[in-house]
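A.B. asks: Structure: data_8.cif, mmCIF, C-alpha atoms.
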```cif
data_my_file
loop_
_atom_site.label_atom_id
_atom_site.label_comp_id
_atom_site.auth_asym_id
_atom_site.auth_seq_id
_atom_site.Cartn_x
_atom_site.Cartn_y
_atom_site.Cartn_z
CA MET A 7 -55.86 -17.38 21.61
CA ALA A 8 -56.77 -14.13 19.87
CA SER A 9 -53.04 -13.51 19.95
CA ALA A 10 -50.74 -16.49 20.34
CA PRO A 11 -47.81 -16.31 22.77
CA LYS A 12 -44.79 -14.85 21.07
CA THR A 13 -41.92 -16.94 22.41
CA TYR A 14 -41.47 -20.54 23.50
CA GLN A 15 -41.02 -19.32 27.10
CA ALA A 16 -44.24 -17.29 26.90
CA ALA A 17 -46.04 -20.31 25.41
CA ARG A 18 -44.84 -22.49 28.28
CA ALA A 19 -45.96 -19.86 30.79
CA THR A 20 -49.40 -19.67 29.13
CA TYR A 21 -50.01 -23.35 28.53
CA GLY A 22 -47.97 -25.07 31.25
CA ALA A 23 -47.51 -28.73 30.42
CA SER A 24 -50.94 -29.08 28.78
CA GLY A 25 -51.58 -30.35 25.27
CA GLU A 26 -51.81 -26.76 24.05
CA LEU A 27 -48.02 -26.39 24.34
CA VAL A 28 -47.58 -29.48 22.15
CA TRP A 29 -49.98 -27.99 19.57
CA TRP A 30 -48.18 -24.61 19.72
CA VAL A 31 -44.88 -26.33 18.87
CA PHE A 32 -46.54 -28.62 16.31
CA MET A 33 -48.01 -25.68 14.37
CA ARG A 34 -44.53 -24.19 13.92
CA ILE A 35 -42.74 -27.44 12.98
CA SER A 36 -45.50 -28.65 10.64
CA GLY A 37 -45.80 -25.13 9.20
CA LEU A 38 -42.11 -25.12 8.27
CA LEU A 39 -42.37 -28.60 6.69
CA LEU A 40 -45.57 -27.62 4.83
CA VAL A 41 -43.83 -24.63 3.19
CA PHE A 42 -41.64 -27.14 1.31
CA LEU A 43 -44.28 -29.88 0.86
CA VAL A 44 -47.00 -27.54 -0.44
CA PHE A 45 -44.67 -25.45 -2.65
CA GLY A 46 -43.41 -28.72 -4.16
CA HIS A 47 -46.98 -29.95 -4.69
CA LEU A 48 -47.95 -26.70 -6.44
CA PHE A 49 -44.77 -26.74 -8.55
CA PHE A 50 -45.36 -30.31 -9.79
CA ASN A 51 -49.07 -29.88 -10.54
CA ASN A 52 -49.45 -26.21 -11.54
CA ILE A 53 -46.06 -24.99 -12.86
CA GLN A 54 -44.43 -28.02 -14.52
CA ILE A 55 -47.69 -28.73 -16.34
CA ASP A 56 -50.84 -26.81 -17.29
CA ALA A 57 -53.26 -27.64 -14.43
CA GLY A 58 -56.11 -27.23 -16.95
CA THR A 59 -54.98 -30.46 -18.67
CA ILE A 60 -55.12 -32.70 -15.55
CA ASP A 61 -57.28 -35.77 -16.10
CA PHE A 62 -57.69 -39.33 -14.79
CA ALA A 63 -54.64 -40.62 -16.69
CA TYR A 64 -52.36 -37.94 -15.17
CA VAL A 65 -53.53 -38.55 -11.59
CA ALA A 66 -53.48 -42.35 -11.98
CA ASN A 67 -49.94 -42.15 -13.35
CA ARG A 68 -48.79 -40.07 -10.40
CA LEU A 69 -50.54 -42.28 -7.84
CA SER A 70 -48.89 -45.39 -9.33
CA GLN A 71 -45.47 -44.03 -8.22
CA PRO A 72 -44.47 -45.06 -4.65
CA GLY A 73 -42.51 -41.80 -4.13
CA VAL A 74 -45.57 -39.70 -4.94
CA LYS A 75 -47.74 -41.81 -2.62
CA ILE A 76 -45.32 -41.35 0.29
CA TYR A 77 -44.90 -37.61 -0.44
CA ASP A 78 -48.68 -37.15 -0.63
CA THR A 79 -49.19 -39.15 2.59
CA PHE A 80 -46.94 -36.74 4.51
CA LEU A 81 -48.63 -33.80 2.78
CA LEU A 82 -52.11 -35.09 3.68
CA ALA A 83 -51.22 -35.84 7.31
CA PHE A 84 -49.39 -32.59 8.08
CA ALA A 85 -51.83 -30.40 6.13
CA MET A 86 -54.88 -31.98 7.79
CA LEU A 87 -53.46 -31.73 11.33
CA HIS A 88 -52.19 -28.16 10.77
CA GLY A 89 -55.38 -27.04 8.99
CA ILE A 90 -57.88 -28.61 11.38
CA ASN A 91 -55.98 -27.36 14.44
CA GLY A 92 -56.01 -23.90 12.84
CA LEU A 93 -59.78 -24.22 12.32
CA ARG A 94 -60.06 -25.19 16.01
CA TYR A 95 -58.21 -21.99 17.02
CA SER A 96 -60.59 -19.99 14.80
CA ILE A 97 -63.68 -21.68 16.26
CA GLU A 98 -62.47 -21.01 19.80
CA ASP A 99 -61.90 -17.32 18.92
CA HIS A 100 -65.07 -16.63 16.98
CA VAL A 101 -67.77 -19.07 18.16
CA ARG A 102 -68.50 -17.74 21.64
CA LYS A 103 -71.56 -19.65 22.88
CA PRO A 104 -70.32 -22.86 24.62
CA GLY A 105 -73.00 -25.14 23.18
CA ARG A 106 -72.60 -23.86 19.64
CA ARG A 107 -68.79 -24.00 19.98
CA PHE A 108 -68.95 -27.65 21.07
CA TRP A 109 -71.20 -28.71 18.20
CA THR A 110 -69.20 -26.71 15.63
CA LYS A 111 -66.11 -28.65 16.72
CA VAL A 112 -67.99 -31.97 16.60
CA VAL A 113 -69.07 -31.27 13.00
CA VAL A 114 -65.62 -30.03 11.85
CA PHE A 115 -63.69 -32.90 13.49
CA SER A 116 -66.16 -35.47 12.11
CA ILE A 117 -65.84 -34.13 8.56
CA ALA A 118 -62.03 -33.99 8.99
CA GLY A 119 -61.91 -37.62 10.13
CA ILE A 120 -63.96 -38.80 7.16
CA VAL A 121 -61.87 -36.73 4.72
CA PHE A 122 -58.62 -38.07 6.19
CA VAL A 123 -59.80 -41.67 5.73
CA LEU A 124 -60.97 -40.82 2.19
CA GLY A 125 -57.58 -39.29 1.34
CA THR A 126 -55.64 -42.24 2.78
CA MET A 127 -57.83 -44.66 0.80
CA THR A 128 -57.25 -42.63 -2.36
CA LEU A 129 -53.49 -42.94 -1.87
CA TRP A 130 -53.20 -46.58 -0.76
CA ALA A 131 -56.35 -48.66 -1.37
CA PHE A 132 -56.17 -49.05 -5.16
CA SER A 133 -53.73 -50.05 -7.90
CA TYR A 134 -53.68 -47.19 -10.37
CA ASP A 135 -51.17 -49.21 -12.43
CA GLU A 136 -54.01 -51.58 -13.28
CA MET A 137 -56.44 -48.68 -13.74
CA GLY A 138 -53.93 -46.94 -16.04
CA ALA A 139 -53.58 -50.13 -18.06
CA ALA A 140 -57.36 -50.26 -18.33
CA VAL A 141 -57.37 -46.69 -19.68
CA ARG A 142 -54.68 -47.48 -22.26
CA ALA A 143 -56.67 -50.56 -23.30
CA LEU A 144 -59.60 -48.25 -24.09
CA ASP A 145 -57.60 -46.29 -26.69
CA MET B 11 -63.49 -0.86 13.41
CA TYR B 12 -60.15 -0.97 15.17
CA ARG B 13 -57.46 0.06 12.68
CA GLY B 14 -54.26 -1.47 13.91
CA ARG B 15 -50.82 -1.43 12.41
CA GLU B 16 -48.91 -4.12 10.47
CA GLY B 17 -49.26 -6.80 13.15
CA GLN B 18 -53.05 -6.67 13.06
CA TRP B 19 -53.24 -6.89 9.25
CA ALA B 20 -50.73 -9.74 9.28
CA PHE B 21 -52.94 -11.59 11.79
CA VAL B 22 -56.23 -10.94 9.93
CA LEU B 23 -54.78 -12.06 6.58
CA HIS B 24 -53.16 -15.13 8.19
CA ARG B 25 -56.47 -16.11 9.78
CA LEU B 26 -58.55 -15.54 6.62
CA SER B 27 -56.08 -17.33 4.34
CA GLY B 28 -55.72 -20.17 6.87
CA VAL B 29 -59.47 -20.81 7.17
CA ALA B 30 -59.86 -20.60 3.38
CA LEU B 31 -56.99 -23.07 2.84
CA ALA B 32 -58.32 -25.54 5.43
CA LEU B 33 -61.76 -25.53 3.74
CA PHE B 34 -60.12 -25.85 0.29
CA LEU B 35 -58.02 -28.78 1.59
CA LEU B 36 -61.17 -30.69 2.63
CA LEU B 37 -62.81 -30.01 -0.76
CA HIS B 38 -59.61 -30.90 -2.66
CA VAL B 39 -59.17 -34.29 -0.92
CA ILE B 40 -62.84 -35.11 -1.59
CA ASP B 41 -62.66 -34.20 -5.30
CA ILE B 42 -59.38 -36.06 -5.91
CA SER B 43 -60.82 -39.10 -4.08
CA LEU B 44 -63.20 -39.51 -7.04
CA VAL B 45 -60.20 -41.06 -8.85
CA MET B 46 -61.03 -44.19 -6.81
CA PHE B 47 -64.05 -44.78 -9.09
CA GLY B 48 -61.62 -45.59 -11.90
CA PRO B 49 -61.28 -44.48 -15.54
CA GLU B 50 -64.99 -44.96 -16.23
CA GLY B 51 -66.01 -43.05 -13.11
CA PRO B 52 -67.04 -39.42 -12.67
CA PHE B 53 -63.45 -38.12 -12.26
CA ASN B 54 -62.85 -36.74 -15.77
CA ALA B 55 -66.26 -35.06 -15.98
CA PHE B 56 -65.69 -33.49 -12.59
CA LEU B 57 -62.24 -32.19 -13.57
CA ALA B 58 -63.58 -30.78 -16.84
CA PHE B 59 -66.08 -28.86 -14.73
CA TYR B 60 -63.24 -27.50 -12.56
CA HIS B 61 -61.23 -26.49 -15.64
CA GLN B 62 -63.74 -23.73 -16.44
CA TRP B 63 -62.15 -20.31 -16.02
CA PRO B 64 -63.93 -19.12 -12.83
CA PHE B 65 -62.53 -22.13 -10.96
CA ARG B 66 -59.06 -21.63 -12.43
CA VAL B 67 -59.13 -18.02 -11.22
CA GLY B 68 -60.21 -19.40 -7.84
CA LEU B 69 -57.22 -21.75 -7.91
CA VAL B 70 -54.92 -18.76 -8.48
CA LEU B 71 -56.45 -17.14 -5.37
CA VAL B 72 -55.85 -20.38 -3.43
CA MET B 73 -52.20 -20.30 -4.53
CA ALA B 74 -51.91 -16.66 -3.46
CA ALA B 75 -53.32 -17.63 -0.05
CA VAL B 76 -50.78 -20.50 0.20
CA VAL B 77 -47.82 -18.26 -0.60
CA TYR B 78 -48.87 -15.45 1.77
CA HIS B 79 -49.69 -17.92 4.59
CA ALA B 80 -46.31 -19.64 4.08
CA PHE B 81 -44.20 -16.47 4.17
CA ASN B 82 -46.15 -14.91 7.05
CA GLY B 83 -45.85 -18.26 8.86
CA LEU B 84 -42.07 -18.04 8.49
CA ARG B 85 -42.34 -14.51 9.95
CA ILE B 86 -44.22 -15.95 12.96
CA ILE B 87 -41.51 -18.62 13.43
CA LEU B 88 -38.82 -15.90 13.37
CA MET B 89 -40.83 -13.86 15.92
CA ASP B 90 -41.17 -16.90 18.19
CA PHE B 91 -37.66 -18.35 18.02
CA THR B 92 -35.24 -15.44 17.52
CA GLU B 93 -34.21 -12.59 19.82
CA TRP B 94 -34.87 -9.94 17.17
CA GLY B 95 -38.01 -11.23 15.40
CA VAL B 96 -40.60 -9.31 17.44
CA LYS B 97 -38.62 -6.05 17.20
CA TYR B 98 -38.62 -6.23 13.38
CA GLN B 99 -42.05 -7.86 12.91
CA GLY B 100 -43.35 -4.85 10.94
CA ALA B 101 -40.45 -4.94 8.50
CA LEU B 102 -40.73 -8.75 8.31
CA TRP B 103 -44.40 -8.40 7.32
CA TYR B 104 -43.47 -6.14 4.41
CA GLY B 105 -40.83 -8.73 3.59
CA ALA B 106 -43.52 -11.44 3.55
CA LEU B 107 -45.71 -9.29 1.25
CA GLY B 108 -42.70 -8.63 -1.00
CA ALA B 109 -41.82 -12.33 -1.17
CA THR B 110 -45.46 -13.18 -1.95
CA THR B 111 -45.41 -10.68 -4.83
CA ALA B 112 -42.01 -11.89 -6.04
CA VAL B 113 -43.29 -15.48 -6.24
CA GLY B 114 -46.70 -14.41 -7.54
CA ILE B 115 -45.61 -12.46 -10.63
CA PRO B 116 -43.81 -15.31 -12.47
CA VAL B 117 -46.62 -17.71 -11.45
CA LEU B 118 -49.23 -15.35 -12.96
CA TRP B 119 -47.01 -14.99 -16.05
CA LYS B 120 -47.17 -18.79 -16.46
CA ILE B 121 -50.83 -19.41 -15.58
CA VAL B 122 -52.86 -16.40 -16.84
CA PRO B 123 -52.18 -17.25 -20.53
CA GLU B 124 -53.31 -20.84 -19.82
CA ILE B 125 -56.58 -19.55 -18.37
CA LEU B 126 -57.07 -17.16 -21.32
CA GLY B 127 -56.38 -20.03 -23.71
CA ILE B 128 -53.41 -18.28 -25.37
CA ALA B 129 -50.61 -20.38 -23.81
#
```
Starting from the file, lay out its structure as structure tokens.
C.D. replies:
Amino acid sequence: MASAPKTYQAARATYGASGELVWWVFMRISGLLLVFLVFGHLFFNNIQIDAGTIDFAYVANRLSQPGVKIYDTFLLAFAMLHGINGLRYSIEDHVRKPGRRFWTKVVVFSIAGIVFVLGTMTLWAFSYDEMGAAVRALD
Amino acid sequence: MYRGREGQWAFVLHRLSGVALALFLLLHVIDISLVMFGPEGPFNAFLAFYHQWPFRVGLVLVMAAVVYHAFNGLRIILMDFTEWGVKYQGALWYGALGATTAVGIPVLWKIVPEILGIA
């Protein structure tokens, strides 16, 4: 995949009906969605505020809002799938020895799986309302 | 080294920024997950560490990678799904660089004073 097919027809000709065609389409659709999701994320957390002032209270306040949790869930899912599939393309291009390529993928996919679970837990497993109240009680 | 034209530089920068962003994403999810340890946990100390200026400069580089990767990604979509995209891919790449600069300048204007502590 040193150079990806340049049109949908070329992609179909290259990949046939295999999963690679699905990934080729997915990278373009998720990429378009991520332009908006990631620009929004950067705007909220780096432009609207000074990112150098972010602390527990700020993050807990954001993660106590259902809209932010849903937004971040889409961001996490699309960014992880797009990013890890991109890493897979890079591994297949640059790691040439079959054995080393296999184990590089095993390591990357394992780390990605753990990080995805960690991110989902961060978003949904705790009540930051209660944690925020605990912080305010400290003051 | 093979010295190609615009298309090759577009590809190399897309690949480098993409790998960097994927690795940053993994790190970023792990560091934000420390919020799960609660207000008394290691989260605030960890963030204070990241607020030191070398990391804030690094964050600016991450943002630059995001903006370039986004605009060059849109260029790839135009190349793949329009009749004219491949013909004008060179011009579109300069467009992507121009758009990255156009977004980058006001962002630097906002963030550099924060890093220098003169905001």
A.B. asks: With distances taken over all atoms listed in the file, which residue among A:Arg68, A:Lys111, A:Lys75, A:His88 lies nearest chain B?
C.D. replies: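 Comparing A:Arg68, A:Lys111, A:Lys75, A:His88 against chain B, the winner is A:His88.
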A.B. asks: Given the choices A:Asn51, A:Ser9, A:Thr126, A:Asn67, which gets closest to B:Arg25 if the distance is worked out from only C-alpha atoms?
C.D. replies: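 Counting only C-alpha atoms, the residue closest to B:Arg25 is A:Ser9.
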A.B. asks: Once the PyMOL selection byres ((chain B) within 7 of (chain A)) has been evaluated on this model, what residues remain selected, and can you format them as a PDB file with C-alpha atoms, in the coordinates of the input?
C.D. replies:
```
ATOM      1  CA  VAL B  29     -59.470 -20.810   7.170  1.00  0.00           C
ATOM      2  CA  ALA B  32     -58.320 -25.540   5.430  1.00  0.00           C
ATOM      3  CA  LEU B  36     -61.170 -30.690   2.630  1.00  0.00           C
ATOM      4  CA  VAL B  39     -59.170 -34.290  -0.920  1.00  0.00           C
ATOM      5  CA  ILE B  40     -62.840 -35.110  -1.590  1.00  0.00           C
ATOM      6  CA  SER B  43     -60.820 -39.100  -4.080  1.00  0.00           C
ATOM      7  CA  VAL B  45     -60.200 -41.060  -8.850  1.00  0.00           C
ATOM      8  CA  MET B  46     -61.030 -44.190  -6.810  1.00  0.00           C
ATOM      9  CA  GLY B  48     -61.620 -45.590 -11.900  1.00  0.00           C
ATOM     10  CA  PRO B  49     -61.280 -44.480 -15.540  1.00  0.00           C
ATOM     11  CA  PHE B  53     -63.450 -38.120 -12.260  1.00  0.00           C
ATOM     12  CA  ASN B  54     -62.850 -36.740 -15.770  1.00  0.00           C
ATOM     13  CA  LEU B  57     -62.240 -32.190 -13.570  1.00  0.00           C
ATOM     14  CA  HIS B  61     -61.230 -26.490 -15.640  1.00  0.00           C
ATOM     15  CA  ALA B  80     -46.310 -19.640   4.080  1.00  0.00           C
ATOM     16  CA  GLY B  83     -45.850 -18.260   8.860  1.00  0.00           C
ATOM     17  CA  ILE B  87     -41.510 -18.620  13.430  1.00  0.00           C
ATOM     18  CA  MET B  89     -40.830 -13.860  15.920  1.00  0.00           C
ATOM     19  CA  ASP B  90     -41.170 -16.900  18.190  1.00  0.00           C
ATOM     20  CA  PHE B  91     -37.660 -18.350  18.020  1.00  0.00           C
ATOM     21  CA  GLU B 124     -53.310 -20.840 -19.820  1.00  0.00           C
TER      22      GLU B 124
END
```
A.B. asks: Please evaluate the PyMOL selection byres ((chain B and resi 114) around 12) against the displayed coordinates and give the resulting residues as a list in words.
C.D. replies: Ile53 of chain A; Val70, Leu71, Val72, Met73, Ala74, Ala75, Val76, Val77, Tyr78, Ala106, Leu107, Gly108, Ala109, Thr110, Thr111, Ala112, Val113, Ile115, Pro116, Val117, Leu118, Trp119, Lys120, Ile121 and Val122 of chain B
A.B. asks: When you draw a straight line from atom CA of B:Gly14 to atom CA of A:Trp30, how long is it in Å?
C.D. replies: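 We find that atom CA of B:Gly14 and atom CA of A:Trp30 lie 24.6 Å from each other.
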A.B. asks: What is the distance, in Å and to one decimal place, between atom CA of A:Phe115 and atom CA of B:Leu37?
C.D. replies: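 Value for the atom CA of A:Phe115-atom CA of B:Leu37 distance: 14.6 Å.
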A.B. asks: Measure the distance from atom CA of B:Glu16 to atom CA of B:Leu102 in Å and round it to one decimal.
C.D. replies: 9.6 Å
A.B. asks: As AutoDock Vina command-line options, please report the centre and edge lengths, rounded to one decimal in Å, of the axis-aligned box that holds all listed atoms of stretch 118-129 of chain A with 5 Å of padding on each of the six sides.
C.D. replies:
```
--center_x -58.7 --center_y -39.3 --center_z 3.9 --size_x 20.5 --size_y 20.7 --size_z 22.5
```
